[in-house]
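Notes for the one structure printed next.
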Amino acid sequence: MPCCSAFIIVVVLCICQGGSFPRGKADDNDQDYPVAFYSKDEKDAGDAARCAPCSPELCSDAQGCAAGLVLDSCGCCFDCGNVEGQLCDLDSVSSFYGLCGRDLECRVDLSDLSHGEIPEPRCVCVSQDAVCGSDGQTYENICQFQEAASSSKGLRVDSKGPCQTVPHIKLPPQNATNTLGSSIIFLCEIAAFPMAQVQWRKDGDDIILPGDDPHISVQSRGGPLKFELSSWLQIEGVAPGDAGDYHCVANNELGTVSALASLRLLVQDVDPPLAHVNITEHTEEYYDYY
């Protein structure tokens with residue numbers, strides 16, 4: 001019993017003095033340090049965790065931060081900010097996913113609710129206006145430009161808006177080998193600003209497809225990305241005369257580019273004719289046998 005009594009006395013003394021237990025309530029003499037929540041469970045329980053006194057000289061040097069620097073959960077050291085599309089914390093405290101970097105804000109996309117999914121907060125660029133880099137590349141927004149600039153020294157914004165360029169075929173049509181009567185689709189994706197016009201032509205033929213040919217059709221639409229155009233050439237019920245080279249031609253006021261794909265046809269195997277049989281000889285052998 002004496003041992004137990006001594007243990008109880010020690011515990012009581014520790015509680016009265018304060019600060020001996022983790023997350024103990026500070027007295028009036030304590031300094032004001034930033035307070036942060038370290039996990040979602042602690043938030044829900046309302047149990048705050050006290051940060052250690054800030055010592056900037058002990059902070060690690062965050063490097064290679066594509067979205068710039070943000071303060072950590074204690075407001076003392078700098079961490080890498082989250083990039084566009086990355087999960088983030090909606091409040092101003094980096095307690096779980098982290099905070100968004102410069103020119104980014106944490107948003108919840110409520111359109112996910114229509115698909116039966118649980119919406120999650122993600123970093124979204126505050127501006128969706130394209131910029132033209134000094135490398136001649138078009139960046140969809142300033143955030144994507146800054147990601148590229150973090151790993152490319154000397155990269156700068158050349159102008160607002162997309163770069164004006166000759167059309168560039170990002171995905172040329174692919175060669176195909178098919179059989180008679182089947183269908184084939186050629187796809188061509190072009191990036192350009194100003195927007196390009198696309199035509200399909202067959203090698204050695206000046207007619208712009210589809211012309212008046214009912215079994216050939218052409219469709220085009222914007223995308224898949226900004227300032228891009230996708231075009232399809234479809235041939236239904238391939239005939240012998242469809243074999244050849246097909247050209248995807250894109251042009252705008254700055255120039256013209258083209259790419260081609262070849263269509264080759266397979267000749268289907270035909271059953272060989274029956275071998276000639278000399279009926280007379282076999283008949284004679286049949287009667288000779290008897």
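Every chain in the structure tokens has a letter given in the order shown (A, B, ...), and although residue numbers restart at 1 in each chain, ligands are simply numbered from 1 in the order shown.
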request  = Please provide the set of residues having any atom within 9 Å of Leu254 (chain A), restricted to only C-alpha atoms, with same-chain residues fewer than 3 positions apart removed, written as a PyMOL selection string.
outcome  = chain A and resi 164-167+194+251
Can those selected residues be exported to a file as a PDB file, in the first residue's frame so that it contains N, CA and C atoms?
ATOM      1  N   GLN A 164       0.730  31.772 -81.101  1.00  0.00           N
ATOM      2  CA  GLN A 164       0.281  31.645 -82.483  1.00  0.00           C
ATOM      3  C   GLN A 164       1.320  30.830 -83.251  1.00  0.00           C
ATOM      4  N   THR A 165       0.883  29.692 -83.776  1.00  0.00           N
ATOM      5  CA  THR A 165       1.822  28.779 -84.422  1.00  0.00           C
ATOM      6  C   THR A 165       1.197  28.135 -85.658  1.00  0.00           C
ATOM      7  N   VAL A 166       2.092  27.625 -86.496  1.00  0.00           N
ATOM      8  CA  VAL A 166       1.666  26.761 -87.595  1.00  0.00           C
ATOM      9  C   VAL A 166       1.041  25.511 -86.980  1.00  0.00           C
ATOM     10  N   PRO A 167       0.019  24.929 -87.584  1.00  0.00           N
ATOM     11  CA  PRO A 167      -0.583  23.708 -87.025  1.00  0.00           C
ATOM     12  C   PRO A 167       0.461  22.627 -86.757  1.00  0.00           C
ATOM     13  N   PRO A 194      -4.063  30.466 -84.639  1.00  0.00           N
ATOM     14  CA  PRO A 194      -5.515  30.289 -84.760  1.00  0.00           C
ATOM     15  C   PRO A 194      -5.906  28.847 -85.131  1.00  0.00           C
ATOM     16  N   ASN A 251      -4.391  23.351 -91.952  1.00  0.00           N
ATOM     17  CA  ASN A 251      -3.828  24.650 -92.313  1.00  0.00           C
ATOM     18  C   ASN A 251      -4.536  25.778 -91.565  1.00  0.00           C
TER      19      ASN A 251
END
request  = Among the residues of region 151-208 of chain A, find those DSSP assigns to strand (DSSP E) from the backbone and print them as JSON, numbers by chain.
outcome  = {"A": [157, 158, 159, 160, 165, 166, 167, 168, 169, 170, 171, 176, 177, 178, 179, 184, 185, 186, 187, 188, 189, 190, 191, 192, 193, 197, 198, 199, 200, 201, 202, 208]}
Next, dump the selected residues to file, keeping only N, CA, C and O atoms, as a CSV table (one decimal), in the first residue's frame.
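selection-v6.csv, written as the output of this step:
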chain,number,residue,atom,x,y,z
A,157,VAL,N,7.0,34.1,-69.3
A,157,VAL,CA,5.8,34.3,-70.1
A,157,VAL,C,6.0,35.3,-71.2
A,157,VAL,O,6.4,36.4,-71.0
A,158,ASP,N,5.8,34.9,-72.4
A,158,ASP,CA,6.0,35.7,-73.6
A,158,ASP,C,4.8,36.6,-73.9
A,158,ASP,O,5.0,37.8,-74.2
A,159,SER,N,3.6,36.1,-73.7
A,159,SER,CA,2.4,36.8,-73.9
A,159,SER,C,1.2,36.1,-73.3
A,159,SER,O,1.3,34.9,-73.1
A,160,LYS,N,0.2,36.9,-73.0
A,160,LYS,CA,-1.1,36.3,-72.6
A,160,LYS,C,-1.8,35.7,-73.8
A,160,LYS,O,-1.7,36.2,-74.9
A,165,THR,N,0.9,29.7,-83.8
A,165,THR,CA,1.8,28.8,-84.4
A,165,THR,C,1.2,28.1,-85.7
A,165,THR,O,0.0,28.1,-85.8
A,166,VAL,N,2.1,27.6,-86.5
A,166,VAL,CA,1.7,26.8,-87.6
A,166,VAL,C,1.0,25.5,-87.0
A,166,VAL,O,1.5,25.1,-85.9
A,167,PRO,N,0.0,24.9,-87.6
A,167,PRO,CA,-0.6,23.7,-87.0
A,167,PRO,C,0.5,22.6,-86.8
A,167,PRO,O,1.4,22.5,-87.5
A,168,HIS,N,0.2,21.9,-85.7
A,168,HIS,CA,1.1,20.8,-85.3
A,168,HIS,C,0.3,19.5,-85.1
A,168,HIS,O,-0.7,19.5,-84.4
A,169,ILE,N,0.6,18.5,-85.9
A,169,ILE,CA,-0.1,17.2,-85.8
A,169,ILE,C,0.4,16.4,-84.6
A,169,ILE,O,1.5,15.9,-84.7
A,170,LYS,N,-0.4,16.4,-83.5
A,170,LYS,CA,0.0,15.7,-82.3
A,170,LYS,C,-0.2,14.2,-82.4
A,170,LYS,O,0.6,13.5,-81.9
A,171,LEU,N,-1.2,13.8,-83.1
A,171,LEU,CA,-1.5,12.4,-83.3
A,171,LEU,C,-1.8,12.1,-84.8
A,171,LEU,O,-2.9,12.4,-85.2
A,176,ALA,N,-3.0,1.0,-91.7
A,176,ALA,CA,-4.0,0.0,-91.4
A,176,ALA,C,-3.9,-1.1,-92.5
A,176,ALA,O,-3.7,-0.8,-93.6
A,177,THR,N,-4.2,-2.3,-92.1
A,177,THR,CA,-4.3,-3.4,-93.0
A,177,THR,C,-5.7,-4.1,-92.7
A,177,THR,O,-5.9,-4.5,-91.5
A,178,ASN,N,-6.5,-4.2,-93.7
A,178,ASN,CA,-7.9,-4.7,-93.5
A,178,ASN,C,-8.3,-5.6,-94.6
A,178,ASN,O,-7.6,-5.7,-95.6
A,179,THR,N,-9.5,-6.2,-94.4
A,179,THR,CA,-10.0,-7.1,-95.4
A,179,THR,C,-11.2,-6.4,-96.1
A,179,THR,O,-11.8,-5.4,-95.6
A,184,ILE,N,-12.9,0.8,-91.6
A,184,ILE,CA,-11.7,1.4,-91.1
A,184,ILE,C,-11.9,2.8,-90.7
A,184,ILE,O,-12.7,3.5,-91.3
A,185,ILE,N,-11.2,3.3,-89.6
A,185,ILE,CA,-11.2,4.7,-89.2
A,185,ILE,C,-9.8,5.2,-89.0
A,185,ILE,O,-9.0,4.6,-88.3
A,186,PHE,N,-9.5,6.3,-89.6
A,186,PHE,CA,-8.3,7.0,-89.4
A,186,PHE,C,-8.6,8.2,-88.5
A,186,PHE,O,-9.5,9.0,-88.7
A,187,LEU,N,-7.7,8.5,-87.5
A,187,LEU,CA,-7.8,9.6,-86.6
A,187,LEU,C,-6.6,10.5,-86.7
A,187,LEU,O,-5.5,10.1,-86.8
A,188,CYS,N,-6.9,11.8,-86.7
A,188,CYS,CA,-5.8,12.8,-86.8
A,188,CYS,C,-6.1,13.9,-85.7
A,188,CYS,O,-7.2,14.5,-85.7
A,189,GLU,N,-5.2,14.2,-84.9
A,189,GLU,CA,-5.3,15.3,-83.8
A,189,GLU,C,-4.3,16.4,-84.1
A,189,GLU,O,-3.1,16.2,-84.3
A,190,ILE,N,-4.8,17.6,-84.1
A,190,ILE,CA,-4.0,18.8,-84.5
A,190,ILE,C,-4.1,19.9,-83.4
A,190,ILE,O,-5.2,20.1,-82.9
A,191,ALA,N,-3.0,20.5,-83.1
A,191,ALA,CA,-3.0,21.6,-82.2
A,191,ALA,C,-2.6,22.9,-83.0
A,191,ALA,O,-1.6,22.8,-83.7
A,192,ALA,N,-3.3,24.0,-82.8
A,192,ALA,CA,-3.0,25.2,-83.6
A,192,ALA,C,-3.7,26.4,-83.0
A,192,ALA,O,-4.8,26.2,-82.4
A,193,PHE,N,-3.1,27.5,-83.1
A,193,PHE,CA,-3.8,28.8,-82.9
A,193,PHE,C,-3.2,29.8,-83.8
A,193,PHE,O,-2.0,30.1,-83.8
A,197,GLN,N,-8.0,24.4,-90.0
A,197,GLN,CA,-9.0,23.7,-90.8
A,197,GLN,C,-8.4,22.4,-91.3
A,197,GLN,O,-7.2,22.3,-91.6
A,198,VAL,N,-9.2,21.3,-91.3
A,198,VAL,CA,-8.6,20.0,-91.6
A,198,VAL,C,-9.3,19.4,-92.9
A,198,VAL,O,-10.6,19.5,-93.0
A,199,GLN,N,-8.6,18.9,-93.8
A,199,GLN,CA,-9.1,18.2,-95.0
A,199,GLN,C,-8.4,16.8,-95.1
A,199,GLN,O,-7.3,16.6,-94.6
A,200,TRP,N,-9.2,15.9,-95.7
A,200,TRP,CA,-8.7,14.6,-96.0
A,200,TRP,C,-8.6,14.4,-97.5
A,200,TRP,O,-9.6,14.7,-98.2
A,201,ARG,N,-7.5,13.9,-98.0
A,201,ARG,CA,-7.4,13.6,-99.4
A,201,ARG,C,-6.7,12.2,-99.6
A,201,ARG,O,-6.0,11.8,-98.7
A,202,LYS,N,-7.0,11.6,-100.7
A,202,LYS,CA,-6.4,10.4,-101.1
A,202,LYS,C,-5.3,10.6,-102.1
A,202,LYS,O,-5.4,11.5,-103.0
A,208,ILE,N,-11.5,16.5,-102.3
A,208,ILE,CA,-11.5,16.5,-100.9
A,208,ILE,C,-12.5,15.5,-100.4
A,208,ILE,O,-13.7,15.6,-100.7
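Here CA of Asp72 (chain A) is placed at a distance of 26.9 Å from CA of Ile118 (chain A).
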